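Everything below belongs to coords_0.txt, which stores compact mmCIF, C-alpha atoms.
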# COMPACT_ATOMS: atom_id res chain seq x y z
CA MET L 1 45.14 46.01 -15.15
CA TYR L 2 42.10 48.27 -15.23
CA ASN L 3 40.99 47.67 -18.84
CA LEU L 4 37.95 45.41 -18.64
CA ASP L 5 37.93 42.71 -21.29
CA VAL L 6 34.55 41.58 -22.62
CA ILE L 7 35.04 38.14 -21.00
CA THR L 8 35.60 39.76 -17.61
CA ILE L 9 32.49 41.91 -18.08
CA LEU L 10 30.39 38.85 -18.98
CA ILE L 11 31.62 36.88 -15.97
CA ILE L 12 30.99 39.79 -13.59
CA ALA L 13 27.53 40.29 -15.11
CA ALA L 14 26.69 36.59 -14.70
CA ASN L 15 27.78 36.70 -11.06
CA VAL L 16 25.75 39.84 -10.36
CA LEU L 17 22.60 38.56 -12.09
CA MET L 18 22.65 35.11 -10.47
CA SER L 19 23.60 36.46 -7.06
CA PHE L 20 20.82 39.06 -7.00
CA LYS L 21 18.37 36.42 -8.19
CA GLY L 22 19.51 34.29 -5.25
CA PHE L 23 19.19 37.19 -2.81
CA LYS L 24 15.55 37.60 -3.77
CA ASP L 25 14.56 33.98 -4.41
CA LEU L 26 15.51 31.51 -1.67
CA SER L 27 14.30 28.51 -3.67
CA PHE L 28 16.62 29.50 -6.55
CA PHE L 29 19.50 29.89 -4.10
CA GLU L 30 18.82 26.49 -2.55
CA GLN L 31 18.49 24.83 -5.95
CA TYR L 32 21.91 25.90 -7.19
CA LYS L 33 24.18 26.19 -4.13
CA PHE L 34 26.97 23.71 -3.40
CA GLN L 35 25.62 21.03 -1.07
CA ILE L 36 27.16 17.62 -0.46
CA ALA L 37 23.94 15.59 -0.21
CA ARG L 38 22.54 17.08 -3.42
CA LEU L 39 25.78 16.53 -5.28
CA GLN L 40 25.85 12.92 -4.15
CA SER L 41 22.30 12.49 -5.41
CA GLY L 42 23.47 13.48 -8.90
CA GLU L 43 22.95 17.25 -9.10
CA LYS L 44 26.41 17.92 -10.52
CA ILE L 45 25.39 21.31 -11.94
CA ARG L 46 25.87 22.67 -8.42
CA MET L 47 29.63 22.29 -8.86
CA LEU L 48 29.41 25.11 -11.39
CA SER L 49 26.29 27.08 -10.46
CA SER L 50 27.33 27.62 -6.84
CA GLY L 51 30.24 29.69 -8.11
CA PHE L 52 27.83 32.35 -9.35
CA LEU L 53 25.88 32.73 -6.10
CA HIS L 54 26.91 34.80 -3.08
CA ILE L 55 25.77 35.21 0.50
CA ASN L 56 25.35 38.99 0.33
CA THR L 57 26.40 42.09 -1.60
CA THR L 58 29.66 42.44 0.35
CA HIS L 59 30.68 38.88 -0.54
CA LEU L 60 29.83 39.58 -4.18
CA PHE L 61 31.60 42.95 -4.24
CA VAL L 62 34.87 41.67 -2.78
CA ASN L 63 35.04 38.79 -5.25
CA MET L 64 34.22 40.93 -8.27
CA LEU L 65 36.61 43.70 -7.20
CA THR L 66 39.45 41.18 -6.92
CA LEU L 67 38.55 39.77 -10.33
CA TYR L 68 38.50 43.29 -11.76
CA PHE L 69 42.03 43.97 -10.49
CA PHE L 70 43.69 40.79 -11.77
CA ALA L 71 41.74 39.50 -14.78
CA GLY L 72 43.49 41.89 -17.17
CA THR L 73 46.94 40.70 -16.15
CA VAL L 74 46.03 37.07 -16.78
CA ILE L 75 44.27 37.76 -20.09
CA ALA L 76 47.32 39.69 -21.31
CA TYR L 77 49.40 36.51 -20.97
CA VAL L 78 46.99 33.69 -21.85
CA GLY L 79 44.26 35.33 -23.94
CA GLN L 80 40.51 35.02 -23.51
CA ILE L 81 40.28 31.26 -23.99
CA GLY L 82 43.11 30.65 -21.56
CA PHE L 83 41.48 32.96 -19.03
CA ILE L 84 38.18 31.08 -19.33
CA LEU L 85 40.05 27.82 -18.75
CA ILE L 86 41.77 29.21 -15.65
CA TYR L 87 38.59 30.76 -14.25
CA PHE L 88 36.30 27.77 -14.66
CA GLY L 89 39.04 25.21 -14.02
CA SER L 90 39.84 26.93 -10.72
CA LEU L 91 36.15 27.08 -9.81
CA LEU L 92 35.70 23.36 -10.39
CA ILE L 93 38.94 22.30 -8.70
CA GLY L 94 38.03 24.47 -5.72
CA ASN L 95 34.65 22.80 -5.39
CA MET L 96 36.17 19.36 -5.94
CA LEU L 97 38.59 19.96 -3.06
CA SER L 98 35.67 21.10 -0.91
CA TYR L 99 33.87 17.90 -1.81
CA LEU L 100 36.93 15.85 -0.88
CA PHE L 101 37.18 17.49 2.53
CA HIS L 102 33.46 17.47 3.33
CA LYS L 103 32.12 14.38 1.51
CA ASN L 104 30.93 12.84 4.79
CA GLU L 105 29.06 16.00 5.84
CA ALA L 106 25.75 15.65 4.01
CA TYR L 107 24.50 19.12 4.83
CA TYR L 108 27.71 21.03 4.18
CA SER L 109 26.98 23.85 1.73
CA ALA L 110 28.83 26.78 0.20
CA VAL L 111 28.51 29.47 -2.45
CA GLY L 112 30.72 32.06 -4.08
CA ALA L 113 33.14 32.78 -6.89
CA SER L 114 36.08 32.84 -4.48
CA GLY L 115 37.67 29.63 -5.79
CA ALA L 116 37.65 30.94 -9.36
CA VAL L 117 38.80 34.41 -8.33
CA ILE L 118 41.64 33.10 -6.16
CA GLY L 119 42.66 30.96 -9.15
CA VAL L 120 42.90 34.10 -11.28
CA LEU L 121 44.82 35.88 -8.52
CA TYR L 122 47.26 32.98 -8.13
CA ALA L 123 47.72 32.84 -11.90
CA ALA L 124 48.57 36.56 -11.91
CA ILE L 125 51.08 36.01 -9.08
CA LEU L 126 52.70 33.13 -10.96
CA LEU L 127 52.95 35.23 -14.12
CA GLN L 128 54.24 38.34 -12.33
CA PRO L 129 55.64 37.19 -8.96
CA ASP L 130 57.60 40.42 -8.48
CA MET L 131 54.56 42.71 -8.63
CA MET L 132 53.55 44.41 -5.40
CA LEU L 133 50.21 43.87 -3.69
CA GLY L 134 48.65 45.93 -0.91
CA LEU L 135 48.04 43.93 2.27
CA PHE L 136 44.79 45.35 3.67
CA PHE L 137 45.10 47.78 0.70
CA ILE L 138 47.84 49.62 2.64
CA ILE L 139 51.00 47.58 3.31
CA PRO L 140 52.96 46.79 0.10
CA ILE L 141 54.28 43.22 -0.09
CA PRO L 142 55.63 41.11 -2.99
CA ALA L 143 52.94 39.10 -4.74
CA TYR L 144 54.64 35.75 -4.12
CA VAL L 145 54.79 36.44 -0.36
CA PHE L 146 51.08 37.21 -0.38
CA GLY L 147 50.33 34.03 -2.37
CA ILE L 148 52.30 31.75 -0.07
CA GLY L 149 50.95 33.45 3.05
CA TYR L 150 47.37 33.21 1.85
CA LEU L 151 47.62 29.48 1.22
CA LEU L 152 49.25 28.88 4.61
CA TYR L 153 46.39 30.84 6.18
CA SER L 154 43.93 28.67 4.21
CA ILE L 155 45.58 25.51 5.55
CA TRP L 156 45.27 26.92 9.07
CA GLY L 157 41.59 27.68 8.43
CA MET L 158 40.93 24.20 7.02
CA LYS L 159 42.57 22.61 10.06
CA ASN L 160 40.81 24.71 12.70
CA ARG L 161 37.37 25.13 11.09
CA ASN L 162 36.49 27.99 13.39
CA ASP L 163 34.82 30.24 10.83
CA SER L 164 32.36 30.03 7.92
CA ILE L 165 34.93 30.70 5.20
CA GLY L 166 35.35 28.05 2.49
CA HIS L 167 39.12 27.78 2.86
CA ASP L 168 39.23 24.49 0.95
CA ALA L 169 37.52 26.03 -2.08
CA HIS L 170 39.95 28.95 -1.97
CA PHE L 171 42.92 26.59 -1.75
CA GLY L 172 41.59 24.42 -4.58
CA GLY L 173 41.06 27.52 -6.68
CA ALA L 174 44.67 28.54 -6.16
CA MET L 175 45.73 25.03 -7.20
CA GLY L 176 43.69 25.43 -10.38
CA GLY L 177 45.29 28.77 -11.15
CA TYR L 178 48.73 27.29 -10.55
CA ILE L 179 48.21 24.16 -12.67
CA PHE L 180 46.49 25.78 -15.64
CA THR L 181 48.91 28.70 -15.77
CA ILE L 182 51.89 26.34 -16.04
CA LEU L 183 50.09 24.35 -18.73
CA LEU L 184 49.20 27.48 -20.70
CA VAL L 185 52.45 29.40 -20.15
CA PRO L 186 55.17 26.77 -19.62
CA SER L 187 57.81 29.50 -19.97
CA VAL L 188 57.16 30.40 -16.31
CA LEU L 189 59.13 27.25 -15.47
CA THR L 190 62.25 28.82 -16.97
CA ASN L 191 61.51 32.50 -16.31
CA HIS L 192 60.39 32.12 -12.68
CA LEU L 193 61.44 28.59 -11.66
CA PHE L 194 62.35 29.50 -8.08
CA MET L 195 59.01 31.25 -7.61
CA VAL L 196 57.16 28.31 -9.17
CA ILE L 197 58.77 26.03 -6.58
CA LEU L 198 58.03 28.43 -3.70
CA LEU L 199 54.39 28.81 -4.72
CA ALA L 200 54.06 25.02 -4.92
CA ALA L 201 55.30 24.53 -1.34
CA PRO L 202 51.95 25.20 0.42
CA ILE L 203 50.18 22.85 -2.02
CA LEU L 204 52.63 20.07 -1.24
CA LEU L 205 52.27 20.81 2.48
CA LEU L 206 48.48 20.42 2.33
CA PHE L 207 48.69 16.96 0.76
CA ILE L 208 51.37 15.86 3.21
CA LEU L 209 49.12 16.92 6.09
CA LYS L 210 46.16 15.19 4.46
CA PHE L 211 48.15 11.98 3.93
CA PHE L 212 49.14 11.88 7.60
CA LYS L 213 45.58 12.80 8.65
CA LYS L 214 46.67 16.01 10.30
CA ILE L 215 43.97 17.99 8.56

What would you get if you wrote out this structure as C-alpha cells?
Amino acid sequence: MYNLDVITILIIAANVLMSFKGFKDLSFFEQYKFQIARLQSGEKIRMLSSGFLHINTTHLFVNMLTLYFFAGTVIAYVGQIGFILIYFGSLLIGNMLSYLFHKNEAYYSAVGASGAVIGVLYAAILLQPDMMLGLFFIIPIPAYVFGIGYLLYSIWGMKNRNDSIGHDAHFGGAMGGYIFTILLVPSVLTNHLFMVILLAAPILLLFILKFFKKI
C-alpha cells in the first residue's frame, strides 16, 4: 500500500503544482475552477482542470494522503492504465454529477481532487471489501461499512446543503470507482457479489430520491 507507483507520483505532483499555482495566482484559479456558468458557455476544460486545484494546503494534503494510502492497492489489481481510467473517470463523473445537481445555479463553483480520490478509495473497497479502515484514524471498521456509510453521509449532505463540501462530486467519484472497477475486474462480481450489491445500495438510493424529487 505504501509503495508509490510512478503514476501516483505524477498525479500527486500535478495536483501540488497546479494547486500552489492557484494559491498564488487568483486569475489562474478562477480560470480553471469548476463553475456552472463558465461550463455552460463552453469552457469544458474546467471539468478536468478543477480536479487539480484546491482551496488550501489542508484540502490538498488530505486528498493526496488518501490517494497515497489507496492507489497502490488499486494499481496492484488493475495496472497503471486501469488506475488512470478509474482516477480520471471518477473525476469526470463526480463533476458531471455536480453539474446535474447544480446546473441551474450559475455561480456554483468547486475545486478539488476529492471525486477522483474517493473513486480510487471506493475501487479499493470493492476490490478488498474485508480490509479494515481506521475511522478518524483510530476506530477500526470494515472497508465496506465505511464505503456505505460515507455515501449515506454524502446523500445527507446533498439533501441538507448546510456546508461547503462538494458531496455530489464525492458521490459521483465513488460511482466512477464502482463502475470502472467492475468493468476492469469483472471477477469481483463472483468473488464479492454480496459486497458488490451492498455497495450499490446507496447509489440506487440516490437515484430513487432524485426521481421522486426528495433531493

Checklist entry - So what do you get for atom CA of Arg161 of chain L versus atom CA of Met195 of chain L, distance-wise? => result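 Computed distance, atom CA of Arg161 of chain L to atom CA of Met195 of chain L, equals 29.2 Å.
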
Checklist entry - With all atoms listed in the file as the atoms that count, which of L:Lys33, L:His167, L:Lys159, L:Arg46 lies nearest to Ile215 of chain L? => result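 Among L:Lys33, L:His167, L:Lys159, L:Arg46, it is L:Lys159 that comes nearest to Ile215 of chain L.
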
Item to check | Distance criterion (only C-alpha atoms): nearest to Tyr108 of chain L out of L:Arg38, L:His59, L:Lys44, L:Lys21 | outcome: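 Smallest separation from Tyr108 of chain L among the options: L:Arg38.
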
Item to check | Contacts of Asp168 of chain L at 9 Å (all atoms listed in the file; same-chain gap of 2+ positions) as an MDAnalysis selection string | outcome: chainID L and resid 94:95 97:99 101 115 154:155 157:158 165:166 170:173

Next on the checklist: Would you compute the distance between atom CA of Gln128 of chain L and atom CA of Gly177 of chain L? Give it in Å to one decimal.
Outcome noted: 13.2 Å

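Distance annotation: of L:Ile45, L:Leu199, L:Ala14, L:Ile84, the residue with the minimal separation from Leu126 of chain L is L:Leu199; atom set is only C-alpha atoms.
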
Item to check | Nearest to Phe28 of chain L, chosen from L:Ala113, L:Leu53, L:Leu10, L:Leu60, with all atoms listed in the file counted in the distances | outcome: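 Smallest distance to Phe28 of chain L is found for L:Leu53.
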
Checklist entry - atom CA of Gly149 of chain L to atom CA of Gly79 of chain L: how many Å, to one decimal? => result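 Result for atom CA of Gly149 of chain L versus atom CA of Gly79 of chain L: 27.9 Å, one decimal.
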
Filled-in N, CA, C and O atoms of segment 22-38 of chain L, supplied as a short mmCIF file (atom, residue, chain, number, x, y, z; two decimals), keeping the file's coordinate frame:
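What ended up in out07.cif:
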data_model
loop_
_atom_site.label_atom_id
_atom_site.label_comp_id
_atom_site.auth_asym_id
_atom_site.auth_seq_id
_atom_site.Cartn_x
_atom_site.Cartn_y
_atom_site.Cartn_z
N GLY L 22 19.46 35.09 -6.47
CA GLY L 22 19.51 34.29 -5.25
C GLY L 22 19.16 35.07 -4.01
O GLY L 22 18.56 34.53 -3.07
N PHE L 23 19.55 36.36 -3.97
CA PHE L 23 19.19 37.19 -2.81
C PHE L 23 17.67 37.30 -2.66
O PHE L 23 17.15 37.31 -1.53
N LYS L 24 16.98 37.38 -3.80
CA LYS L 24 15.55 37.60 -3.77
C LYS L 24 14.71 36.33 -3.77
O LYS L 24 13.55 36.33 -3.39
N ASP L 25 15.31 35.23 -4.22
CA ASP L 25 14.56 33.98 -4.41
C ASP L 25 15.29 32.85 -3.69
O ASP L 25 16.24 32.27 -4.21
N LEU L 26 14.85 32.53 -2.48
CA LEU L 26 15.51 31.51 -1.67
C LEU L 26 15.48 30.14 -2.34
O LEU L 26 16.45 29.38 -2.26
N SER L 27 14.39 29.82 -3.02
CA SER L 27 14.30 28.51 -3.67
C SER L 27 15.34 28.39 -4.79
O SER L 27 15.92 27.32 -5.00
N PHE L 28 15.58 29.48 -5.51
CA PHE L 28 16.62 29.50 -6.55
C PHE L 28 17.99 29.29 -5.92
O PHE L 28 18.80 28.50 -6.40
N PHE L 29 18.24 30.00 -4.82
CA PHE L 29 19.50 29.89 -4.10
C PHE L 29 19.74 28.45 -3.64
O PHE L 29 20.82 27.89 -3.83
N GLU L 30 18.71 27.85 -3.05
CA GLU L 30 18.82 26.49 -2.55
C GLU L 30 19.01 25.47 -3.67
O GLU L 30 19.70 24.46 -3.50
N GLN L 31 18.43 25.76 -4.82
CA GLN L 31 18.49 24.83 -5.95
C GLN L 31 19.89 24.76 -6.57
O GLN L 31 20.27 23.72 -7.12
N TYR L 32 20.64 25.85 -6.47
CA TYR L 32 21.91 25.90 -7.19
C TYR L 32 23.15 26.05 -6.31
O TYR L 32 24.27 26.11 -6.82
N LYS L 33 23.01 26.09 -5.00
CA LYS L 33 24.18 26.19 -4.13
C LYS L 33 24.93 24.85 -4.06
O LYS L 33 24.38 23.80 -4.40
N PHE L 34 26.16 24.91 -3.63
CA PHE L 34 26.97 23.71 -3.40
C PHE L 34 26.46 23.04 -2.13
O PHE L 34 26.43 23.65 -1.06
N GLN L 35 26.02 21.79 -2.25
CA GLN L 35 25.62 21.03 -1.07
C GLN L 35 25.96 19.56 -1.30
O GLN L 35 25.62 18.98 -2.33
N ILE L 36 26.64 18.98 -0.32
CA ILE L 36 27.16 17.62 -0.46
C ILE L 36 26.07 16.60 -0.79
O ILE L 36 26.19 15.82 -1.74
N ALA L 37 24.99 16.59 -0.01
CA ALA L 37 23.94 15.59 -0.21
C ALA L 37 23.35 15.68 -1.61
O ALA L 37 23.10 14.66 -2.26
N ARG L 38 23.12 16.89 -2.09
CA ARG L 38 22.54 17.08 -3.42
C ARG L 38 23.51 16.68 -4.52
O ARG L 38 23.12 16.11 -5.55
#
